[in-house]
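Asks: Sharing upload.tsv here; it has TSV, C-alpha atoms.
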chain	number	residue	atom	x	y	z
A	30	PHE	CA	-155.93	-120.62	-79.75
A	31	LYS	CA	-157.83	-121.76	-82.85
A	32	PRO	CA	-158.07	-118.25	-84.40
A	33	PHE	CA	-154.30	-118.29	-84.92
A	34	VAL	CA	-154.68	-121.40	-87.09
A	35	TYR	CA	-157.35	-119.74	-89.22
A	36	THR	CA	-155.33	-116.52	-89.41
A	37	ALA	CA	-152.33	-118.52	-90.63
A	38	ALA	CA	-154.56	-120.16	-93.26
A	39	ILE	CA	-156.06	-116.88	-94.50
A	40	ASP	CA	-153.09	-114.51	-94.18
A	41	GLY	CA	-150.31	-117.04	-94.78
A	42	PRO	CA	-148.92	-118.78	-97.88
A	43	LYS	CA	-152.04	-120.93	-98.37
A	44	ASP	CA	-154.07	-117.72	-98.81
A	45	LEU	CA	-157.39	-119.47	-98.10
A	46	SER	CA	-160.81	-117.86	-97.73
A	47	PRO	CA	-163.45	-118.35	-95.00
A	48	CYS	CA	-165.38	-120.40	-97.56
A	49	TYR	CA	-162.66	-123.01	-98.09
A	50	THR	CA	-164.34	-126.29	-97.16
A	51	MET	CA	-163.04	-129.21	-95.12
A	52	LYS	CA	-164.69	-132.38	-93.86
A	53	ASP	CA	-165.44	-133.00	-90.22
A	54	GLU	CA	-164.08	-136.52	-89.96
A	55	SER	CA	-161.51	-138.48	-88.01
A	56	PHE	CA	-157.98	-137.14	-88.50
A	57	GLN	CA	-154.72	-138.72	-87.48
A	58	VAL	CA	-151.07	-137.85	-87.83
A	59	GLU	CA	-147.86	-139.46	-86.57
A	60	VAL	CA	-146.19	-137.44	-83.81
A	61	GLU	CA	-143.28	-137.84	-81.43
A	62	ASN	CA	-144.32	-138.26	-77.80
A	63	GLU	CA	-142.51	-137.08	-74.66
A	64	LYS	CA	-140.42	-140.28	-74.63
A	65	GLY	CA	-139.17	-139.62	-78.16
A	66	GLU	CA	-141.28	-142.44	-79.58
A	67	MET	CA	-143.51	-142.12	-82.63
A	68	GLU	CA	-147.24	-142.62	-82.14
A	69	MET	CA	-150.52	-141.74	-83.85
A	70	TRP	CA	-152.38	-138.68	-82.60
A	71	ARG	CA	-156.15	-138.73	-83.15
A	72	PRO	CA	-157.91	-135.63	-81.78
A	73	GLY	CA	-161.63	-135.89	-81.08
A	74	ASN	CA	-164.34	-133.26	-81.13
A	75	ALA	CA	-165.80	-131.85	-77.93
A	76	ASN	CA	-169.08	-133.71	-78.46
A	77	GLY	CA	-167.28	-137.03	-78.97
A	78	SER	CA	-168.34	-137.56	-82.59
A	79	PHE	CA	-167.72	-136.45	-86.18
A	80	SER	CA	-170.52	-135.20	-88.40
A	81	GLY	CA	-168.90	-136.36	-91.63
A	82	ARG	CA	-170.01	-133.13	-93.28
A	83	GLU	CA	-168.12	-130.73	-95.50
A	84	MET	CA	-168.22	-127.23	-94.06
A	85	PRO	CA	-166.58	-123.84	-94.71
A	86	LEU	CA	-163.83	-122.68	-92.39
A	87	LYS	CA	-166.09	-120.02	-90.89
A	88	ARG	CA	-168.53	-122.70	-89.69
A	89	ALA	CA	-165.68	-124.85	-88.38
A	90	LEU	CA	-164.33	-121.95	-86.34
A	91	ALA	CA	-167.75	-120.84	-85.09
A	92	SER	CA	-168.49	-124.38	-83.93
A	93	SER	CA	-164.91	-124.97	-82.69
A	94	ILE	CA	-164.47	-128.23	-84.63
A	95	ASN	CA	-161.25	-129.90	-83.45
A	96	SER	CA	-160.93	-132.33	-86.35
A	97	ILE	CA	-160.91	-129.56	-88.96
A	98	THR	CA	-158.60	-127.34	-86.91
A	99	ALA	CA	-156.11	-130.19	-86.55
A	100	ARG	CA	-156.29	-131.00	-90.26
A	101	LEU	CA	-155.95	-127.32	-91.16
A	102	THR	CA	-152.91	-127.03	-88.87
A	103	ASN	CA	-151.38	-129.94	-90.78
A	104	GLU	CA	-152.15	-128.29	-94.13
A	105	VAL	CA	-150.73	-124.84	-93.34
A	106	GLY	CA	-147.93	-126.22	-91.16
A	107	ALA	CA	-147.58	-126.13	-87.38
A	108	ASP	CA	-144.53	-123.92	-87.82
A	109	THR	CA	-146.66	-121.36	-89.71
A	110	VAL	CA	-149.28	-121.40	-86.95
A	111	MET	CA	-146.54	-120.83	-84.36
A	112	TYR	CA	-145.08	-118.00	-86.46
A	113	TYR	CA	-148.40	-116.17	-86.60
A	114	ALA	CA	-149.14	-116.66	-82.91
A	115	GLN	CA	-145.75	-115.19	-82.00
A	116	LYS	CA	-146.05	-112.42	-84.58
A	117	MET	CA	-149.40	-111.44	-83.09
A	118	GLY	CA	-148.04	-111.21	-79.55
A	119	ILE	CA	-147.78	-114.64	-77.92
A	120	LYS	CA	-144.50	-114.70	-75.99
A	121	SER	CA	-144.96	-117.89	-73.95
A	122	PRO	CA	-142.89	-120.88	-75.15
A	123	LEU	CA	-144.43	-122.63	-78.17
A	124	GLN	CA	-143.32	-125.57	-80.29
A	125	PRO	CA	-144.43	-126.45	-83.83
A	126	LYS	CA	-146.33	-129.54	-82.72
A	127	ALA	CA	-149.36	-130.99	-84.51
A	128	SER	CA	-151.55	-130.17	-81.50
A	129	ILE	CA	-150.57	-126.48	-81.30
A	130	GLY	CA	-153.82	-125.36	-82.95
A	131	LEU	CA	-155.89	-126.95	-80.19
A	132	GLY	CA	-154.16	-124.92	-77.49
A	133	SER	CA	-151.73	-127.52	-76.16
A	134	PHE	CA	-149.31	-124.88	-74.84
A	135	ASP	CA	-149.93	-122.60	-71.88
A	136	VAL	CA	-150.32	-118.91	-72.66
A	137	THR	CA	-151.45	-116.05	-70.45
A	138	LEU	CA	-154.70	-114.12	-70.64
A	139	TYR	CA	-152.59	-110.95	-70.95
A	140	GLU	CA	-150.95	-112.28	-74.14
A	141	MET	CA	-154.24	-113.45	-75.63
A	142	ILE	CA	-155.86	-110.04	-75.18
A	143	GLY	CA	-152.96	-108.36	-76.95
A	144	ALA	CA	-152.90	-110.91	-79.77
A	145	TYR	CA	-156.64	-110.61	-80.43
A	146	SER	CA	-156.29	-106.83	-80.71
A	147	ALA	CA	-155.23	-107.21	-84.34
A	148	PHE	CA	-158.65	-108.57	-85.26
A	149	ILE	CA	-160.47	-105.32	-84.43
A	150	ASN	CA	-157.58	-102.97	-85.28
A	151	GLU	CA	-157.41	-103.90	-88.97
A	152	GLY	CA	-154.34	-106.05	-88.46
A	153	VAL	CA	-152.46	-103.81	-86.01
A	154	HIS	CA	-151.28	-105.44	-82.79
A	155	VAL	CA	-151.40	-103.20	-79.71
A	156	GLU	CA	-149.29	-104.29	-76.76
A	157	PRO	CA	-151.40	-104.14	-73.57
A	158	MET	CA	-150.36	-101.54	-71.01
A	159	LEU	CA	-150.97	-101.49	-67.26
A	160	VAL	CA	-150.07	-97.82	-66.80
A	161	GLN	CA	-150.94	-95.10	-69.28
A	162	GLU	CA	-150.04	-91.98	-67.33
A	163	ILE	CA	-148.48	-90.86	-64.05
A	164	LYS	CA	-149.79	-87.70	-62.35
A	165	ASP	CA	-148.83	-85.89	-59.16
A	166	GLN	CA	-151.22	-85.10	-56.30
A	167	ASN	CA	-152.40	-81.97	-58.13
A	168	GLY	CA	-153.31	-83.84	-61.29
A	169	LYS	CA	-150.32	-82.58	-63.27
A	170	GLY	CA	-149.08	-85.11	-65.79
A	171	LEU	CA	-145.56	-86.31	-65.08
A	172	GLN	CA	-145.18	-89.06	-67.65
A	173	ARG	CA	-147.36	-90.53	-70.38
A	174	PHE	CA	-146.67	-93.86	-72.02
A	175	GLU	CA	-147.65	-94.62	-75.61
A	176	PRO	CA	-148.57	-98.18	-76.60
A	177	THR	CA	-146.39	-100.24	-78.92
A	178	MET	CA	-148.24	-100.83	-82.19
A	179	GLU	CA	-147.30	-102.98	-85.19
A	180	GLN	CA	-149.03	-104.16	-88.37
A	181	VAL	CA	-148.85	-107.94	-88.00
A	182	ILE	CA	-151.40	-109.22	-90.54
A	183	ARG	CA	-153.06	-107.75	-93.61
A	184	LYS	CA	-156.09	-105.51	-93.09
A	185	GLU	CA	-158.29	-107.82	-95.17
A	186	SER	CA	-157.18	-110.87	-93.19
A	187	ALA	CA	-158.03	-109.16	-89.90
A	188	GLN	CA	-161.48	-108.22	-91.21
A	189	LEU	CA	-162.15	-111.76	-92.41
A	190	VAL	CA	-161.10	-113.46	-89.17
A	191	ARG	CA	-163.07	-110.94	-87.12
A	192	PHE	CA	-166.06	-111.69	-89.36
A	193	MET	CA	-165.58	-115.40	-88.68
A	194	LEU	CA	-165.39	-114.74	-84.93
A	195	GLU	CA	-168.67	-112.85	-85.14
A	196	GLY	CA	-170.16	-116.20	-86.10
A	197	VAL	CA	-169.14	-117.63	-82.72
A	198	VAL	CA	-171.71	-115.30	-81.12
A	199	HIS	CA	-174.17	-114.22	-83.82
A	200	GLY	CA	-173.99	-117.21	-86.16
A	201	GLY	CA	-175.17	-119.92	-83.79
A	202	GLY	CA	-171.65	-120.83	-82.68
A	203	THR	CA	-170.30	-121.83	-79.28
A	204	GLY	CA	-170.70	-118.30	-77.89
A	205	SER	CA	-174.34	-117.75	-78.87
A	206	SER	CA	-175.53	-117.93	-75.24
A	207	LEU	CA	-174.08	-114.44	-74.81
A	208	LEU	CA	-177.25	-113.13	-76.49
A	209	TYR	CA	-179.75	-115.15	-74.44
A	210	GLY	CA	-181.74	-113.82	-71.49
A	211	GLU	CA	-180.11	-110.66	-70.22
A	212	GLY	CA	-178.07	-110.64	-73.41
A	213	ASP	CA	-180.84	-108.50	-74.90
A	214	ILE	CA	-179.38	-105.62	-72.91
A	215	LEU	CA	-176.20	-105.90	-74.97
A	216	LEU	CA	-177.83	-105.47	-78.37
A	217	PRO	CA	-178.62	-102.07	-79.92
A	218	LYS	CA	-182.33	-101.31	-79.56
A	219	ASP	CA	-182.54	-99.84	-83.05
A	220	ASN	CA	-181.09	-102.98	-84.69
A	221	ARG	CA	-181.53	-106.21	-82.77
A	222	TYR	CA	-179.81	-108.19	-85.52
A	223	ALA	CA	-176.61	-106.15	-85.62
A	224	HIS	CA	-173.33	-107.98	-85.08
A	225	VAL	CA	-171.88	-106.23	-82.05
A	226	PHE	CA	-169.68	-109.02	-80.64
A	227	ALA	CA	-166.99	-111.35	-81.86
A	228	GLY	CA	-165.17	-113.84	-79.71
A	229	LYS	CA	-163.96	-117.34	-79.01
A	230	THR	CA	-164.71	-119.94	-76.38
A	231	GLY	CA	-162.01	-122.37	-75.27
A	232	THR	CA	-161.84	-125.53	-73.19
A	233	THR	CA	-158.73	-127.55	-72.38
A	234	SER	CA	-158.42	-131.30	-71.89
A	235	ASN	CA	-160.32	-132.76	-68.93
A	236	HIS	CA	-162.17	-129.43	-68.67
A	237	SER	CA	-159.31	-127.98	-66.61
A	238	ASP	CA	-159.55	-124.52	-68.18
A	239	GLY	CA	-162.43	-122.50	-69.54
A	240	TRP	CA	-161.81	-119.46	-71.74
A	241	PHE	CA	-163.72	-116.71	-73.44
A	242	ILE	CA	-162.21	-113.77	-75.29
A	243	GLY	CA	-164.89	-111.27	-76.28
A	244	MET	CA	-164.56	-108.30	-78.60
A	245	SER	CA	-166.75	-105.32	-79.37
A	246	HIS	CA	-165.85	-102.49	-81.75
A	247	ASN	CA	-163.41	-100.86	-79.28
A	248	LEU	CA	-163.01	-103.21	-76.32
A	249	ILE	CA	-161.44	-106.64	-75.82
A	250	SER	CA	-162.06	-108.52	-72.60
A	251	GLY	CA	-160.95	-111.99	-71.62
A	252	VAL	CA	-161.92	-114.49	-68.94
A	253	TRP	CA	-160.03	-117.56	-67.78
A	254	VAL	CA	-161.54	-120.02	-65.31
A	255	GLY	CA	-159.35	-122.77	-63.91
A	256	GLY	CA	-156.93	-123.92	-61.27
A	257	ASP	CA	-153.16	-123.63	-61.08
A	258	ASP	CA	-153.07	-127.40	-60.53
A	259	ARG	CA	-154.32	-129.31	-63.58
A	260	SER	CA	-155.85	-131.97	-61.33
A	261	ILE	CA	-158.50	-129.35	-60.50
A	262	HIS	CA	-161.12	-129.66	-63.19
A	263	PHE	CA	-164.81	-130.08	-63.94
A	264	ARG	CA	-166.18	-133.59	-64.39
A	265	THR	CA	-168.06	-133.03	-67.64
A	266	GLY	CA	-168.16	-130.71	-70.63
A	267	ALA	CA	-171.70	-129.73	-69.68
A	268	LEU	CA	-170.19	-128.03	-66.65
A	269	GLY	CA	-166.65	-127.21	-67.69
A	270	GLU	CA	-166.77	-125.86	-71.24
A	271	GLY	CA	-165.67	-122.25	-71.71
A	272	SER	CA	-169.19	-121.35	-72.79
A	273	LYS	CA	-170.45	-122.51	-69.37
A	274	THR	CA	-167.64	-121.15	-67.15
A	275	ALA	CA	-165.92	-118.14	-68.70
A	276	LEU	CA	-168.54	-116.72	-71.05
A	277	PRO	CA	-171.14	-116.00	-68.30
A	278	ILE	CA	-168.54	-113.91	-66.45
A	279	PHE	CA	-167.81	-111.90	-69.60
A	280	LYS	CA	-171.56	-111.45	-70.07
A	281	ARG	CA	-172.07	-110.09	-66.54
A	282	PHE	CA	-169.10	-107.77	-67.02
A	283	MET	CA	-170.41	-106.40	-70.33
A	284	ILE	CA	-173.89	-105.86	-68.90
A	285	LYS	CA	-172.31	-103.72	-66.18
A	286	VAL	CA	-170.35	-101.81	-68.83
A	287	VAL	CA	-173.51	-101.11	-70.83
A	288	LYS	CA	-175.42	-99.95	-67.76
A	289	ASP	CA	-172.68	-97.63	-66.49
A	290	PRO	CA	-173.17	-94.07	-67.84
A	291	MET	CA	-169.48	-93.37	-67.20
A	292	LEU	CA	-168.56	-96.06	-69.74
A	293	ALA	CA	-170.76	-94.92	-72.62
A	294	LEU	CA	-167.69	-94.94	-74.89
A	295	TYR	CA	-167.52	-98.72	-74.56
A	296	ARG	CA	-171.11	-99.59	-75.30
A	297	PRO	CA	-171.07	-102.15	-78.14
A	298	GLN	CA	-171.76	-100.83	-81.62
A	299	ALA	CA	-172.30	-102.81	-84.78
A	300	PHE	CA	-169.18	-103.93	-86.58
A	301	ASP	CA	-168.76	-102.64	-90.11
A	302	LYS	CA	-170.11	-105.10	-92.64
A	303	LEU	CA	-167.63	-106.53	-95.10
A	304	ASP	CA	-167.75	-104.79	-98.45
A	305	ARG	CA	-167.58	-107.17	-101.41
A	306	ARG	CA	-166.12	-104.35	-103.50
A	307	VAL	CA	-163.14	-104.12	-101.15
A	308	VAL	CA	-162.69	-107.60	-99.70
A	309	LYS	CA	-161.49	-109.77	-102.56
A	310	LYS	CA	-161.83	-113.19	-100.93
A	311	ASP	CA	-165.15	-114.98	-100.82
A	312	PHE	CA	-166.84	-114.78	-97.41
A	313	ASP	CA	-170.48	-115.37	-98.31
A	314	CYS	CA	-170.18	-119.16	-98.82
A	315	SER	CA	-173.76	-119.31	-100.13
A	316	ASN	CA	-172.84	-121.55	-103.05
A	317	GLY	CA	-173.23	-125.09	-101.83
A	318	SER	CA	-173.00	-124.10	-98.17
A	319	ALA	CA	-175.77	-121.68	-97.31
A	320	GLU	CA	-176.10	-123.05	-93.78
A	321	LEU	CA	-174.37	-120.10	-92.17
A	322	SER	CA	-174.47	-117.39	-94.83
A	323	ASP	CA	-177.79	-115.79	-93.93
A	324	SER	CA	-176.85	-115.37	-90.29
A	325	LEU	CA	-173.38	-114.02	-90.94
A	326	VAL	CA	-173.64	-111.76	-93.97
What is this structure when it is put down as structure tokens?
Replies:
Amino acid sequence: FKPFVYTAAIDGPKDLSPCYTMKDESFQVEVENEKGEMEMWRPGNANGSFSGREMPLKRALASSINSITARLTNEVGADTVMYYAQKMGIKSPLQPKASIGLGSFDVTLYEMIGAYSAFINEGVHVEPMLVQEIKDQNGKGLQRFEPTMEQVIRKESAQLVRFMLEGVVHGGGTGSSLLYGEGDILLPKDNRYAHVFAGKTGTTSNHSDGWFIGMSHNLISGVWVGGDDRSIHFRTGALGEGSKTALPIFKRFMIKVVKDPMLALYRPQAFDKLDRRVVKKDFDCSNGSAELSDSLV
């Protein structure tokens, strides 16, 4: 769910850039609990600690830093995050709570796939379809259905968030294991350093759910691993994080896609690089924060 927070920050009234910096430190905010009582909410990071470092938003998203996402949600407004999530295709019930950016509300894989479509369609949301065409026994077309499409965020914003999500895989982020081992099969032979994937890992509290949404230039695929009963969960993050549960399934799926000659259309190709003459916001972040710039630009 974090990409909706960063989309709200970049496309919304705050109009931030991927190079806007925030500090990875303890964050707390007063919230109303289920009993209607006020209490302090203090989200922790997945690794149980805070680095205390200033980092650009693109590094925070690539590394899935909870503290910065929670603080950013507070800055842009939980209601703005909810607005963008719904605008981009999330139909499940949401509330403008402080924790919304960390995925505290249940959404379906179907909705997430549709919402992420805007990132590789230059801001255009495409509603997923289960049936494209109906034919009779002779192959004659009886009915064809066209997808519902809508411009939901600015083209530049979509390019910037997609660029940030490339860092999850190619910039040493939480999805970098996609490129290890058999991952070599997924990279173009003529350019091993091309950015051909973008995506996002996800893990819910107590490691009950593992997520990975992966995107290539013309294909979005999502994996959810979990149980209908929340008491079913992994014991540790080492076993239950989305990068350990969902991402390997996506990887095996994409390897099969690449190897299938019938699916040549969906073989990953390098994403277009951002053009500094067209994209007005800073995305290099090399001034004072070169940590990620070489691997992402």
Asks: Using all atoms listed in the file, what does the table of segment 255-319 of chain A residues within 10 Å of segment 208-215 of chain A look like, with each row giving the shortest atom pair and its distance in Å to one decimal, sorted by chain and ascending number, as a tab-separated table?
Replies:
residue	atom	partner	partner_atom	distance
A:Lys280	CA	A:Gly212	CA	7.4
A:Arg281	CA	A:Glu211	CA	8.9
A:Met283	CA	A:Leu215	CA	7.4
A:Ile284	CA	A:Leu215	CA	6.5
A:Lys285	CA	A:Leu215	CA	9.9
A:Val286	CA	A:Leu215	CA	9.4
A:Val287	CA	A:Leu215	CA	6.9
A:Lys288	CA	A:Ile214	CA	8.6
A:Arg296	CA	A:Leu215	CA	8.1
A:Pro297	CA	A:Leu215	CA	7.1
A:Gln298	CA	A:Leu215	CA	9.5
Asks: What does the structure give for the distance between atom CA of Ala127 of chain A and atom CA of Tyr35 of chain A, in Å to one decimal?
Replies: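 Those two atoms sit 14.6 Å apart.
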Asks: So which residues touch Tyr113 of chain A within 8 Å, counting all atoms listed in the file, skipping near sequence neighbours fewer than 4 positions away, as a count of residues only?
Replies: 5
Asks: Dump as JSON, numbers by chain all residues having an atom at most 12 Å from (-147.0, -102.0, -78.5), computed in the file's coordinates with all atoms listed in the file.
Replies: {"A": [117, 118, 140, 143, 144, 146, 147, 153, 154, 155, 156, 157, 158, 159, 174, 175, 176, 177, 178, 179, 180, 181]}
Asks: With all atoms of segment 196-201 of chain A from the file as input, state the centre and edge lengths in Å to one decimal of the axis-aligned box that has 5 Å extra on each side, as lines of an AutoDock Vina configuration file.
Replies:
center_x = -172.2
center_y = -117.1
center_z = -83.6
size_x = 16.0
size_y = 15.7
size_z = 15.0
Asks: Write out, as a Markdown table, each residue of segment 97-151 of chain A that has an atom at most 10 Å from segment 62-83 of chain A, together with the closest pair of atoms and their distance in Å to one decimal, counting only C-alpha atoms, rows going by chain and rising number.
Replies:
| residue | atom | partner | partner_atom | distance |
| --- | --- | --- | --- | --- |
| A:Ile97 | CA | A:Asn74 | CA | 9.3 |
| A:Thr98 | CA | A:Pro72 | CA | 9.8 |
| A:Ala99 | CA | A:Pro72 | CA | 7.5 |
| A:Arg100 | CA | A:Pro72 | CA | 9.8 |
| A:Ala127 | CA | A:Trp70 | CA | 8.5 |
| A:Ser128 | CA | A:Pro72 | CA | 8.4 |
| A:Leu131 | CA | A:Pro72 | CA | 9.1 |
Asks: If we count only C-alpha atoms, what is near Gly251 of chain A at a cut-off of 8 Å, once residues fewer than 2 positions away on the same chain are taken out, given as a list in words?
Replies: Leu138, Met141, Ile142, Trp240, Phe241, Ile242, Gly243, Ile249, Trp253 and Phe279 of chain A
Asks: Go ahead and compute the interatomic distance for atom CA of Lys218 of chain A and atom CA of Gly271 of chain A, in Å to one decimal.
Replies: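 Result for atom CA of Lys218 of chain A versus atom CA of Gly271 of chain A: 27.9 Å, one decimal.
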Asks: Excluding same-chain residues fewer than 6 positions from Gly130 of chain A, what lies within 10 Å of it counting all atoms listed in the file, as an MDAnalysis selection string?
Replies: chainID A and resid 30:35 95 98:103 107 110:111 114
Asks: Would you mind listing what lies within 12 Å of Leu268 of chain A as a ChimeraX atom specification, with only C-alpha atoms counted and same-chain residues fewer than 3 positions away left out?
Replies: /A:232,235-239,254,262-265,271-275
Asks: Which residues are close to Val308 of chain A, i.e. within 12 Å by all atoms listed in the file, leaving aside same-chain residues fewer than 2 positions away? Reply as a ChimeraX atom specification.
Replies: /A:46-47,183-189,192,302-306,310-313
Asks: Have a look at A:Ala267, A:Pro122, A:Asn247, A:Phe134 and name the one nearest to Leu292 of chain A; count all atoms listed in the file.
Replies: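 Ranked by minimum distance to Leu292 of chain A, first place goes to A:Asn247.
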Asks: Could you work out how far atom CA of Ala227 of chain A lies from atom CA of Gly204 of chain A, giving the answer in Å with one decimal?
Replies: 8.8 Å
Asks: Nearest residue to Ile39 of chain A out of A:Gln172, A:Ser96, A:Val190, A:Val136, using all atoms listed in the file?
Replies: A:Val190
Asks: So, with only C-alpha atoms as the atoms that count, which of A:Thr137, A:Gly106, A:Phe226, A:Thr233 lies closest to Lys120 of chain A?
Replies: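 Selected residue with least distance to Lys120 of chain A: A:Thr137.
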